[in-house]
$ cat query_17.cif   # mmCIF, N, CA and C atoms and all ligand atoms
data_upload
#
loop_
_atom_site.label_atom_id
_atom_site.label_comp_id
_atom_site.auth_asym_id
_atom_site.auth_seq_id
_atom_site.Cartn_x
_atom_site.Cartn_y
_atom_site.Cartn_z
N MET A 1 122.63 105.98 81.12
CA MET A 1 122.08 105.17 82.20
C MET A 1 122.83 105.39 83.51
N SER A 2 124.17 105.58 83.47
CA SER A 2 124.90 105.64 84.73
C SER A 2 124.54 106.89 85.52
N ASP A 3 124.30 108.05 84.86
CA ASP A 3 123.86 109.26 85.57
C ASP A 3 122.56 109.02 86.28
N LEU A 4 121.65 108.38 85.55
CA LEU A 4 120.34 108.08 86.09
C LEU A 4 120.48 107.14 87.28
N LEU A 5 121.33 106.14 87.13
CA LEU A 5 121.54 105.16 88.22
C LEU A 5 122.05 105.86 89.46
N SER A 6 122.99 106.79 89.30
CA SER A 6 123.56 107.41 90.49
C SER A 6 122.60 108.40 91.14
N SER A 7 121.53 108.76 90.44
CA SER A 7 120.55 109.67 91.06
C SER A 7 119.49 108.90 91.85
N ILE A 8 119.56 107.59 91.84
CA ILE A 8 118.60 106.78 92.61
C ILE A 8 119.19 106.50 93.99
N ALA A 9 118.38 106.72 95.03
CA ALA A 9 118.87 106.56 96.41
C ALA A 9 118.87 105.10 96.84
N LEU A 10 119.54 104.29 96.04
CA LEU A 10 119.70 102.87 96.34
C LEU A 10 121.08 102.46 95.83
N PRO A 11 121.71 101.47 96.48
CA PRO A 11 123.00 101.00 95.94
C PRO A 11 122.82 100.50 94.51
N ARG A 12 123.83 100.76 93.73
CA ARG A 12 123.77 100.41 92.30
C ARG A 12 123.48 98.92 92.09
N ASP A 13 124.10 98.06 92.93
CA ASP A 13 123.90 96.63 92.72
C ASP A 13 122.46 96.23 93.00
N VAL A 14 121.80 96.94 93.92
CA VAL A 14 120.39 96.64 94.22
C VAL A 14 119.52 97.02 93.01
N VAL A 15 119.80 98.18 92.43
CA VAL A 15 119.05 98.59 91.23
C VAL A 15 119.27 97.57 90.11
N GLU A 16 120.49 97.13 89.97
CA GLU A 16 120.79 96.15 88.90
C GLU A 16 120.07 94.83 89.16
N ARG A 17 120.02 94.41 90.44
CA ARG A 17 119.30 93.16 90.78
C ARG A 17 117.81 93.32 90.53
N LEU A 18 117.28 94.48 90.87
CA LEU A 18 115.85 94.73 90.61
C LEU A 18 115.57 94.68 89.11
N LEU A 19 116.44 95.31 88.34
CA LEU A 19 116.23 95.33 86.88
C LEU A 19 116.28 93.91 86.32
N LYS A 20 117.24 93.13 86.75
CA LYS A 20 117.34 91.75 86.25
C LYS A 20 116.11 90.94 86.64
N ALA A 21 115.68 91.08 87.89
CA ALA A 21 114.52 90.31 88.36
C ALA A 21 113.27 90.70 87.56
N ALA A 22 113.12 91.99 87.29
CA ALA A 22 111.94 92.45 86.54
C ALA A 22 111.99 91.98 85.10
N LEU A 23 113.16 92.06 84.49
CA LEU A 23 113.29 91.60 83.10
C LEU A 23 113.09 90.09 82.99
N ASP A 24 113.59 89.35 83.98
CA ASP A 24 113.38 87.89 83.99
C ASP A 24 111.89 87.59 84.14
N ALA A 25 111.22 88.31 85.04
CA ALA A 25 109.78 88.09 85.26
C ALA A 25 109.00 88.39 83.99
N ARG A 26 109.44 89.40 83.26
CA ARG A 26 108.76 89.79 82.02
C ARG A 26 108.72 88.64 81.02
N GLN A 27 109.70 87.77 81.09
CA GLN A 27 109.71 86.61 80.19
C GLN A 27 108.50 85.70 80.43
N HIS A 28 107.93 85.78 81.62
CA HIS A 28 106.79 84.92 81.97
C HIS A 28 105.45 85.59 81.65
N SER A 29 105.48 86.84 81.22
CA SER A 29 104.25 87.59 80.97
C SER A 29 103.27 86.83 80.07
N HIS A 30 102.02 86.85 80.49
CA HIS A 30 100.95 86.27 79.65
C HIS A 30 100.12 87.45 79.15
N ALA A 31 100.47 87.95 77.98
CA ALA A 31 99.81 89.15 77.44
C ALA A 31 99.45 88.93 75.97
N PRO A 32 98.63 87.89 75.68
CA PRO A 32 98.31 87.60 74.27
C PRO A 32 97.36 88.64 73.66
N TYR A 33 96.71 89.46 74.48
CA TYR A 33 95.71 90.41 73.97
C TYR A 33 96.34 91.76 73.70
N SER A 34 96.98 92.33 74.71
CA SER A 34 97.62 93.64 74.49
C SER A 34 98.98 93.48 73.80
N LYS A 35 99.60 92.33 73.98
CA LYS A 35 100.98 92.09 73.51
C LYS A 35 101.97 93.04 74.21
N TYR A 36 101.54 93.61 75.30
CA TYR A 36 102.41 94.51 76.07
C TYR A 36 102.90 93.74 77.29
N HIS A 37 104.12 93.26 77.21
CA HIS A 37 104.66 92.38 78.24
C HIS A 37 105.36 93.20 79.32
N VAL A 38 105.00 92.93 80.57
CA VAL A 38 105.51 93.72 81.69
C VAL A 38 106.11 92.79 82.74
N GLY A 39 107.21 93.22 83.32
CA GLY A 39 107.80 92.54 84.47
C GLY A 39 108.05 93.56 85.56
N ALA A 40 107.85 93.14 86.81
CA ALA A 40 108.07 94.05 87.93
C ALA A 40 108.84 93.33 89.02
N ALA A 41 109.53 94.10 89.86
CA ALA A 41 110.24 93.54 91.00
C ALA A 41 110.16 94.53 92.15
N VAL A 42 109.77 94.02 93.31
CA VAL A 42 109.63 94.86 94.51
C VAL A 42 110.73 94.49 95.50
N LEU A 43 111.36 95.51 96.06
CA LEU A 43 112.34 95.34 97.14
C LEU A 43 111.62 95.54 98.47
N ASP A 44 111.70 94.56 99.36
CA ASP A 44 110.99 94.71 100.64
C ASP A 44 111.92 95.20 101.75
N GLU A 45 111.37 95.31 102.97
CA GLU A 45 112.12 95.85 104.10
C GLU A 45 113.24 94.93 104.58
N HIS A 46 113.23 93.68 104.13
CA HIS A 46 114.30 92.75 104.49
C HIS A 46 115.40 92.70 103.43
N GLY A 47 115.23 93.50 102.37
CA GLY A 47 116.20 93.48 101.28
C GLY A 47 115.93 92.39 100.28
N ARG A 48 114.77 91.76 100.42
CA ARG A 48 114.44 90.68 99.48
C ARG A 48 113.70 91.25 98.26
N ILE A 49 113.83 90.56 97.16
CA ILE A 49 113.22 91.00 95.90
C ILE A 49 112.14 90.01 95.49
N HIS A 50 110.98 90.53 95.14
CA HIS A 50 109.84 89.70 94.74
C HIS A 50 109.38 90.16 93.36
N ALA A 51 109.27 89.21 92.43
CA ALA A 51 109.00 89.57 91.04
C ALA A 51 107.61 89.16 90.61
N GLY A 52 107.13 89.75 89.54
CA GLY A 52 105.84 89.38 88.97
C GLY A 52 105.73 89.87 87.53
N CYS A 53 104.83 89.25 86.79
CA CYS A 53 104.57 89.66 85.41
C CYS A 53 103.08 89.96 85.27
N ASN A 54 102.70 90.61 84.18
CA ASN A 54 101.27 90.81 83.94
C ASN A 54 100.65 89.52 83.40
N ILE A 55 99.41 89.29 83.78
CA ILE A 55 98.69 88.06 83.40
C ILE A 55 97.32 88.48 82.87
N GLU A 56 97.16 88.41 81.57
CA GLU A 56 95.90 88.84 80.96
C GLU A 56 94.91 87.68 80.89
N ASN A 57 93.68 88.02 80.48
CA ASN A 57 92.59 87.05 80.51
C ASN A 57 91.69 87.31 79.30
N ALA A 58 91.12 86.23 78.74
CA ALA A 58 90.21 86.39 77.60
C ALA A 58 89.02 87.28 77.96
N ALA A 59 88.62 87.26 79.22
CA ALA A 59 87.64 88.22 79.73
C ALA A 59 88.46 89.44 80.17
N TYR A 60 88.70 90.37 79.27
CA TYR A 60 89.77 91.37 79.40
C TYR A 60 89.94 92.02 80.78
N PRO A 61 88.86 92.48 81.42
CA PRO A 61 89.09 93.21 82.69
C PRO A 61 89.61 92.32 83.81
N GLN A 62 89.62 91.02 83.60
CA GLN A 62 90.05 90.12 84.67
C GLN A 62 91.57 89.93 84.73
N GLY A 63 92.29 90.55 83.84
CA GLY A 63 93.75 90.44 83.90
C GLY A 63 94.31 91.25 85.05
N TRP A 64 95.58 91.01 85.37
CA TRP A 64 96.20 91.82 86.42
C TRP A 64 97.64 92.18 86.06
N CYS A 65 98.10 93.22 86.71
CA CYS A 65 99.38 93.84 86.35
C CYS A 65 100.57 93.17 87.03
N ALA A 66 101.72 93.41 86.46
CA ALA A 66 102.98 92.86 86.98
C ALA A 66 103.25 93.34 88.41
N GLU A 67 102.98 94.61 88.69
CA GLU A 67 103.25 95.15 90.03
C GLU A 67 102.35 94.47 91.06
N THR A 68 101.10 94.23 90.68
CA THR A 68 100.16 93.56 91.58
C THR A 68 100.64 92.15 91.88
N ASN A 69 101.09 91.47 90.85
CA ASN A 69 101.62 90.12 91.00
C ASN A 69 102.85 90.13 91.92
N ALA A 70 103.75 91.08 91.71
CA ALA A 70 104.97 91.17 92.53
C ALA A 70 104.61 91.47 93.99
N LEU A 71 103.63 92.34 94.20
CA LEU A 71 103.20 92.63 95.58
C LEU A 71 102.63 91.39 96.25
N GLY A 72 101.87 90.59 95.50
CA GLY A 72 101.35 89.33 96.05
C GLY A 72 102.48 88.42 96.50
N HIS A 73 103.53 88.38 95.70
CA HIS A 73 104.67 87.54 96.08
C HIS A 73 105.39 88.13 97.29
N MET A 74 105.44 89.45 97.38
CA MET A 74 106.06 90.07 98.56
C MET A 74 105.30 89.68 99.83
N ILE A 75 103.99 89.78 99.78
CA ILE A 75 103.19 89.45 100.97
C ILE A 75 103.37 87.98 101.33
N MET A 76 103.32 87.12 100.34
CA MET A 76 103.47 85.69 100.63
C MET A 76 104.89 85.35 101.10
N GLY A 77 105.84 86.19 100.73
CA GLY A 77 107.23 85.96 101.14
C GLY A 77 107.57 86.59 102.48
N GLY A 78 106.57 87.20 103.13
CA GLY A 78 106.80 87.76 104.46
C GLY A 78 107.18 89.23 104.48
N GLY A 79 107.19 89.88 103.35
CA GLY A 79 107.48 91.31 103.32
C GLY A 79 106.21 92.11 103.57
N ARG A 80 106.34 93.27 104.23
CA ARG A 80 105.18 94.13 104.47
C ARG A 80 105.41 95.58 104.07
N ILE A 81 106.67 95.91 103.78
CA ILE A 81 106.98 97.29 103.36
C ILE A 81 107.71 97.23 102.02
N ALA A 82 107.18 97.97 101.04
CA ALA A 82 107.85 98.08 99.74
C ALA A 82 108.79 99.27 99.79
N ARG A 83 110.07 99.03 99.55
CA ARG A 83 111.08 100.12 99.55
C ARG A 83 111.31 100.65 98.14
N ALA A 84 111.22 99.76 97.17
CA ALA A 84 111.43 100.17 95.76
C ALA A 84 110.70 99.20 94.87
N VAL A 85 110.30 99.70 93.71
CA VAL A 85 109.70 98.81 92.71
C VAL A 85 110.26 99.18 91.35
N MET A 86 110.67 98.15 90.63
CA MET A 86 111.15 98.30 89.25
C MET A 86 110.06 97.77 88.33
N VAL A 87 109.69 98.53 87.33
CA VAL A 87 108.72 98.05 86.34
C VAL A 87 109.36 98.15 84.96
N THR A 88 109.22 97.07 84.19
CA THR A 88 109.86 97.03 82.88
C THR A 88 108.86 96.69 81.78
N GLY A 89 108.97 97.42 80.70
CA GLY A 89 108.13 97.19 79.52
C GLY A 89 108.86 97.75 78.31
N ALA A 90 108.54 97.23 77.15
CA ALA A 90 109.23 97.68 75.94
C ALA A 90 108.49 98.86 75.30
N GLY A 91 109.13 99.47 74.30
CA GLY A 91 108.48 100.55 73.56
C GLY A 91 109.12 101.89 73.83
N SER A 92 108.78 102.88 72.97
CA SER A 92 109.42 104.18 73.10
C SER A 92 108.89 104.97 74.31
N GLU A 93 107.63 104.74 74.67
CA GLU A 93 107.06 105.41 75.85
C GLU A 93 107.59 104.73 77.11
N ILE A 94 108.10 105.53 78.03
CA ILE A 94 108.60 104.95 79.29
C ILE A 94 107.42 104.44 80.10
N ILE A 95 107.53 103.18 80.54
CA ILE A 95 106.45 102.58 81.31
C ILE A 95 106.31 103.26 82.67
N THR A 96 105.10 103.27 83.16
CA THR A 96 104.83 103.83 84.49
C THR A 96 103.65 103.07 85.07
N PRO A 97 103.63 102.82 86.38
CA PRO A 97 102.55 102.01 86.95
C PRO A 97 101.17 102.64 86.73
N CYS A 98 100.19 101.80 86.47
CA CYS A 98 98.82 102.30 86.28
C CYS A 98 98.28 102.82 87.61
N GLY A 99 97.17 103.51 87.54
CA GLY A 99 96.59 104.12 88.74
C GLY A 99 96.26 103.09 89.82
N GLY A 100 95.69 101.95 89.39
CA GLY A 100 95.34 100.93 90.36
C GLY A 100 96.56 100.39 91.09
N CYS A 101 97.64 100.19 90.35
CA CYS A 101 98.87 99.68 90.98
C CYS A 101 99.49 100.73 91.89
N ARG A 102 99.38 102.00 91.54
CA ARG A 102 99.90 103.04 92.43
C ARG A 102 99.20 102.95 93.78
N GLN A 103 97.90 102.76 93.75
CA GLN A 103 97.16 102.64 95.01
C GLN A 103 97.55 101.36 95.76
N LYS A 104 97.74 100.28 95.05
CA LYS A 104 98.13 99.02 95.72
C LYS A 104 99.51 99.17 96.35
N LEU A 105 100.42 99.84 95.67
CA LEU A 105 101.74 100.09 96.24
C LEU A 105 101.64 100.96 97.49
N ARG A 106 100.71 101.92 97.44
CA ARG A 106 100.51 102.85 98.56
C ARG A 106 100.19 102.12 99.86
N GLU A 107 99.51 101.00 99.73
CA GLU A 107 99.14 100.22 100.91
C GLU A 107 100.37 99.77 101.70
N PHE A 108 101.48 99.59 101.02
CA PHE A 108 102.65 98.99 101.65
C PHE A 108 103.86 99.92 101.67
N ALA A 109 103.61 101.24 101.60
CA ALA A 109 104.73 102.19 101.62
C ALA A 109 104.24 103.57 101.99
N GLN A 110 105.11 104.33 102.64
CA GLN A 110 104.88 105.76 102.74
C GLN A 110 105.25 106.35 101.38
N PRO A 111 104.37 107.17 100.79
CA PRO A 111 104.59 107.60 99.40
C PRO A 111 105.95 108.27 99.15
N GLN A 112 106.43 109.04 100.14
CA GLN A 112 107.71 109.73 99.93
C GLN A 112 108.90 108.77 100.01
N ASP A 113 108.68 107.59 100.58
CA ASP A 113 109.78 106.64 100.80
C ASP A 113 109.92 105.60 99.70
N LEU A 114 108.88 105.42 98.90
CA LEU A 114 108.94 104.35 97.89
C LEU A 114 109.51 104.88 96.58
N ILE A 115 110.58 104.24 96.15
CA ILE A 115 111.21 104.60 94.87
C ILE A 115 110.62 103.73 93.77
N VAL A 116 110.09 104.38 92.75
CA VAL A 116 109.50 103.68 91.61
C VAL A 116 110.44 103.89 90.42
N ILE A 117 110.90 102.80 89.86
CA ILE A 117 111.88 102.89 88.77
C ILE A 117 111.30 102.24 87.52
N ALA A 118 111.51 102.87 86.38
CA ALA A 118 111.07 102.31 85.10
C ALA A 118 112.30 101.92 84.30
N GLY A 119 112.23 100.74 83.70
CA GLY A 119 113.37 100.30 82.91
C GLY A 119 112.95 99.44 81.73
N ASP A 120 113.94 99.09 80.96
CA ASP A 120 113.75 98.13 79.86
C ASP A 120 115.08 97.43 79.64
N ALA A 121 115.18 96.70 78.55
CA ALA A 121 116.40 95.92 78.32
C ALA A 121 117.64 96.81 78.21
N SER A 122 117.44 98.10 77.91
CA SER A 122 118.60 99.00 77.79
C SER A 122 119.05 99.53 79.16
N GLY A 123 118.22 99.33 80.18
CA GLY A 123 118.59 99.81 81.52
C GLY A 123 117.48 100.64 82.15
N VAL A 124 117.89 101.46 83.13
CA VAL A 124 116.94 102.32 83.82
C VAL A 124 116.60 103.52 82.93
N ARG A 125 115.31 103.86 82.86
CA ARG A 125 114.91 104.98 81.98
C ARG A 125 114.35 106.18 82.76
N ALA A 126 113.80 105.92 83.95
CA ALA A 126 113.24 107.04 84.74
C ALA A 126 113.03 106.55 86.15
N HIS A 127 112.91 107.50 87.08
CA HIS A 127 112.50 107.11 88.43
C HIS A 127 111.78 108.27 89.10
N TRP A 128 110.94 107.90 90.04
CA TRP A 128 110.11 108.84 90.78
C TRP A 128 109.97 108.32 92.21
N THR A 129 109.35 109.12 93.08
CA THR A 129 108.83 108.57 94.33
C THR A 129 107.35 108.30 94.08
N LEU A 130 106.78 107.44 94.92
CA LEU A 130 105.34 107.21 94.78
C LEU A 130 104.58 108.50 95.05
N GLU A 131 105.12 109.34 95.92
CA GLU A 131 104.48 110.64 96.20
C GLU A 131 104.33 111.45 94.91
N GLN A 132 105.31 111.41 94.05
CA GLN A 132 105.22 112.14 92.77
C GLN A 132 104.15 111.54 91.87
N LEU A 133 104.01 110.22 91.92
CA LEU A 133 103.05 109.56 91.03
C LEU A 133 101.63 109.53 91.59
N LEU A 134 101.53 109.63 92.92
CA LEU A 134 100.22 109.53 93.57
C LEU A 134 100.16 110.55 94.71
N PRO A 135 100.10 111.85 94.34
CA PRO A 135 100.10 112.88 95.40
C PRO A 135 98.79 112.87 96.18
N ALA A 136 98.87 113.37 97.41
CA ALA A 136 97.69 113.50 98.27
C ALA A 136 96.89 112.19 98.32
N SER A 137 97.62 111.12 98.54
CA SER A 137 96.99 109.80 98.44
C SER A 137 96.12 109.46 99.65
N PHE A 138 95.18 108.60 99.40
CA PHE A 138 94.36 108.00 100.46
C PHE A 138 95.08 106.74 100.90
N GLY A 139 95.24 106.57 102.22
CA GLY A 139 95.97 105.40 102.68
C GLY A 139 95.48 104.87 104.01
N PRO A 140 96.17 103.88 104.56
CA PRO A 140 95.74 103.23 105.78
C PRO A 140 95.49 104.20 106.94
N ASP A 141 96.24 105.29 107.02
CA ASP A 141 96.05 106.23 108.14
C ASP A 141 94.67 106.85 108.14
N HIS A 142 94.04 106.96 106.97
CA HIS A 142 92.69 107.55 106.91
C HIS A 142 91.67 106.72 107.66
N LEU A 143 91.96 105.46 107.87
CA LEU A 143 90.97 104.57 108.49
C LEU A 143 91.28 104.34 109.97
N LYS A 144 92.24 105.10 110.50
CA LYS A 144 92.66 104.85 111.89
C LYS A 144 91.71 105.38 112.93
N ASN A 145 90.94 106.45 112.62
CA ASN A 145 89.97 106.94 113.60
C ASN A 145 88.77 107.57 112.91
N1 LIG A 201 100.51 96.70 82.76
C1 LIG A 201 101.26 96.28 83.82
O1 LIG A 201 101.38 95.08 84.11
N2 LIG A 201 101.90 97.23 84.54
C2 LIG A 201 101.96 98.55 84.22
O2 LIG A 201 102.65 99.31 84.89
C3 LIG A 201 101.19 99.05 83.08
C4 LIG A 201 100.31 98.07 82.40
C5 LIG A 201 99.88 95.66 81.94
C6 LIG A 201 98.38 95.51 82.05
C7 LIG A 201 98.06 94.87 80.73
O3 LIG A 201 98.28 93.46 80.83
C8 LIG A 201 99.08 95.43 79.77
O4 LIG A 201 100.12 95.93 80.58
C9 LIG A 201 98.54 96.53 78.88
O5 LIG A 201 97.88 97.49 79.62
#
$ encode --input "query_17.cif" --output "structure tokens" --more "lines below"
Ligand code: THU
Amino acid sequence: MSDLLSSIALPRDVVERLLKAALDARQHSHAPYSKYHVGAAVLDEHGRIHAGCNIENAAYPQGWCAETNALGHMIMGGGRIARAVMVTGAGSEIITPCGGCRQKLREFAQPQDLIVIAGDASGVRAHWTLEQLLPASFGPDHLKN
């Protein structure tokens, strides 16, 4: 974990705070259908951290993801730029944001600037930029003229 941590372009304590916030949020996950509990935490341009969990619904497509929830909290908390996002989920497969969440994150970040980190209770497991996860993205600049 420490090699991985030092390869992330963020202070170690910030990564640790993001991981704790995401794991704490995961405790609130409402995932009775998939049983796949997710917690996320977004770091905004003010250095504040906003957390969220996934919230499923008996009408399955109406559920929403932890990253979406965390972004909602960022907006309500006055943040407009996502600098980093930590997503946490259990299992042998390393969690990674779904396509819809990648696009939602794109709204609030330049893809090359947003650090996306995957973790679990054991620590950080992988990291990417949003550009790596969502290359050649469609974003707000496309609607400027
Ligand atoms: N999920 C998230 O909350 N974030 C991800 O990055 C991947 C998937 C949720 C959606 C659904 O509640 C459950 O995980 C299984 O797909």
$ residues_around --input "query_17.cif" --residues "stretch 89-106 of chain A" --least-positions-apart "6" --cutoff "6.5 Å" --atoms "all atoms listed in the file" --output "mmCIF file with N, CA and C atoms, keeping the file's coordinate frame"
data_model
loop_
_atom_site.group_PDB
_atom_site.id
_atom_site.type_symbol
_atom_site.label_atom_id
_atom_site.label_comp_id
_atom_site.auth_asym_id
_atom_site.auth_seq_id
_atom_site.Cartn_x
_atom_site.Cartn_y
_atom_site.Cartn_z
ATOM 1 N N HIS A 37 104.120 93.260 77.210
ATOM 2 C CA HIS A 37 104.660 92.380 78.240
ATOM 3 C C HIS A 37 105.360 93.200 79.320
ATOM 4 N N VAL A 38 105.000 92.930 80.570
ATOM 5 C CA VAL A 38 105.510 93.720 81.690
ATOM 6 C C VAL A 38 106.110 92.790 82.740
ATOM 7 N N GLY A 39 107.210 93.220 83.320
ATOM 8 C CA GLY A 39 107.800 92.540 84.470
ATOM 9 C C GLY A 39 108.050 93.560 85.560
ATOM 10 N N GLU A 67 102.980 94.610 88.690
ATOM 11 C CA GLU A 67 103.250 95.150 90.030
ATOM 12 C C GLU A 67 102.350 94.470 91.060
ATOM 13 N N THR A 68 101.100 94.230 90.680
ATOM 14 C CA THR A 68 100.160 93.560 91.580
ATOM 15 C C THR A 68 100.640 92.150 91.880
ATOM 16 N N ALA A 118 111.510 102.870 86.380
ATOM 17 C CA ALA A 118 111.070 102.310 85.100
ATOM 18 C C ALA A 118 112.300 101.920 84.300
ATOM 19 N N GLY A 119 112.230 100.740 83.700
ATOM 20 C CA GLY A 119 113.370 100.300 82.910
ATOM 21 C C GLY A 119 112.950 99.440 81.730
ATOM 22 N N ASP A 120 113.940 99.090 80.960
ATOM 23 C CA ASP A 120 113.750 98.130 79.860
ATOM 24 C C ASP A 120 115.080 97.430 79.640
ATOM 25 N N ALA A 121 115.180 96.700 78.550
ATOM 26 C CA ALA A 121 116.400 95.920 78.320
ATOM 27 C C ALA A 121 117.640 96.810 78.210
ATOM 28 N N GLY A 139 95.240 106.570 102.220
ATOM 29 C CA GLY A 139 95.970 105.400 102.680
ATOM 30 C C GLY A 139 95.480 104.870 104.010
ATOM 31 N N PRO A 140 96.170 103.880 104.560
ATOM 32 C CA PRO A 140 95.740 103.230 105.780
ATOM 33 C C PRO A 140 95.490 104.200 106.940
#
$ atom_distance --input "query_17.cif" --atom1 "atom C of A:Ile81" --atom2 "atom CA of A:Ala109"
5.8 Å
$ closest_residue --input "query_17.cif" --among "A:Ala31, A:Leu143, A:Leu133, A:Leu71" --to "ligand LIG 201 (chain A)" --atoms "all atoms listed in the file"
A:Ala31
$ residues_near_point --input "query_17.cif" --point "(120.6, 111.4, 87.0)" --cutoff "12 Å" --atoms "only C-alpha atoms" --output "list of chain:residue names"
A:Met1, A:Ser2, A:Asp3, A:Leu4, A:Leu5, A:Ser6, A:Ser7, A:Ile8, A:Ala9, A:Val124, A:Arg125, A:Ala126, A:His127, A:Trp128
$ select_by_dssp --input "query_17.cif" --residues "chain A" --states "helix (DSSP H, G or I)" --output "VMD selection string"
chain A and resid 2 to 6 12 to 26 60 to 62 66 to 76 99 to 106 130 to 133 140 to 143
$ atom_distance --input "query_17.cif" --atom1 "atom CA of A:Val85" --atom2 "atom CA of A:Phe138"
19.5 Å
$ closest_residue --input "query_17.cif" --among "A:Ala66, A:Val14, A:Ala58, A:Met74" --to "ligand LIG 201 (chain A)" --atoms "only N, CA and C atoms and all ligand atoms"
A:Ala66
$ closest_residue --input "query_17.cif" --among "A:Thr88, A:Arg83, A:Ala51, A:Gly78" --to "ligand LIG 201 (chain A)" --atoms "only C-alpha atoms and all ligand atoms"
A:Thr88
$ closest_residue --input "query_17.cif" --among "A:Leu134, A:Leu10, A:Leu114, A:Leu23" --to "A:Ala40" --atoms "all atoms listed in the file"
A:Leu23
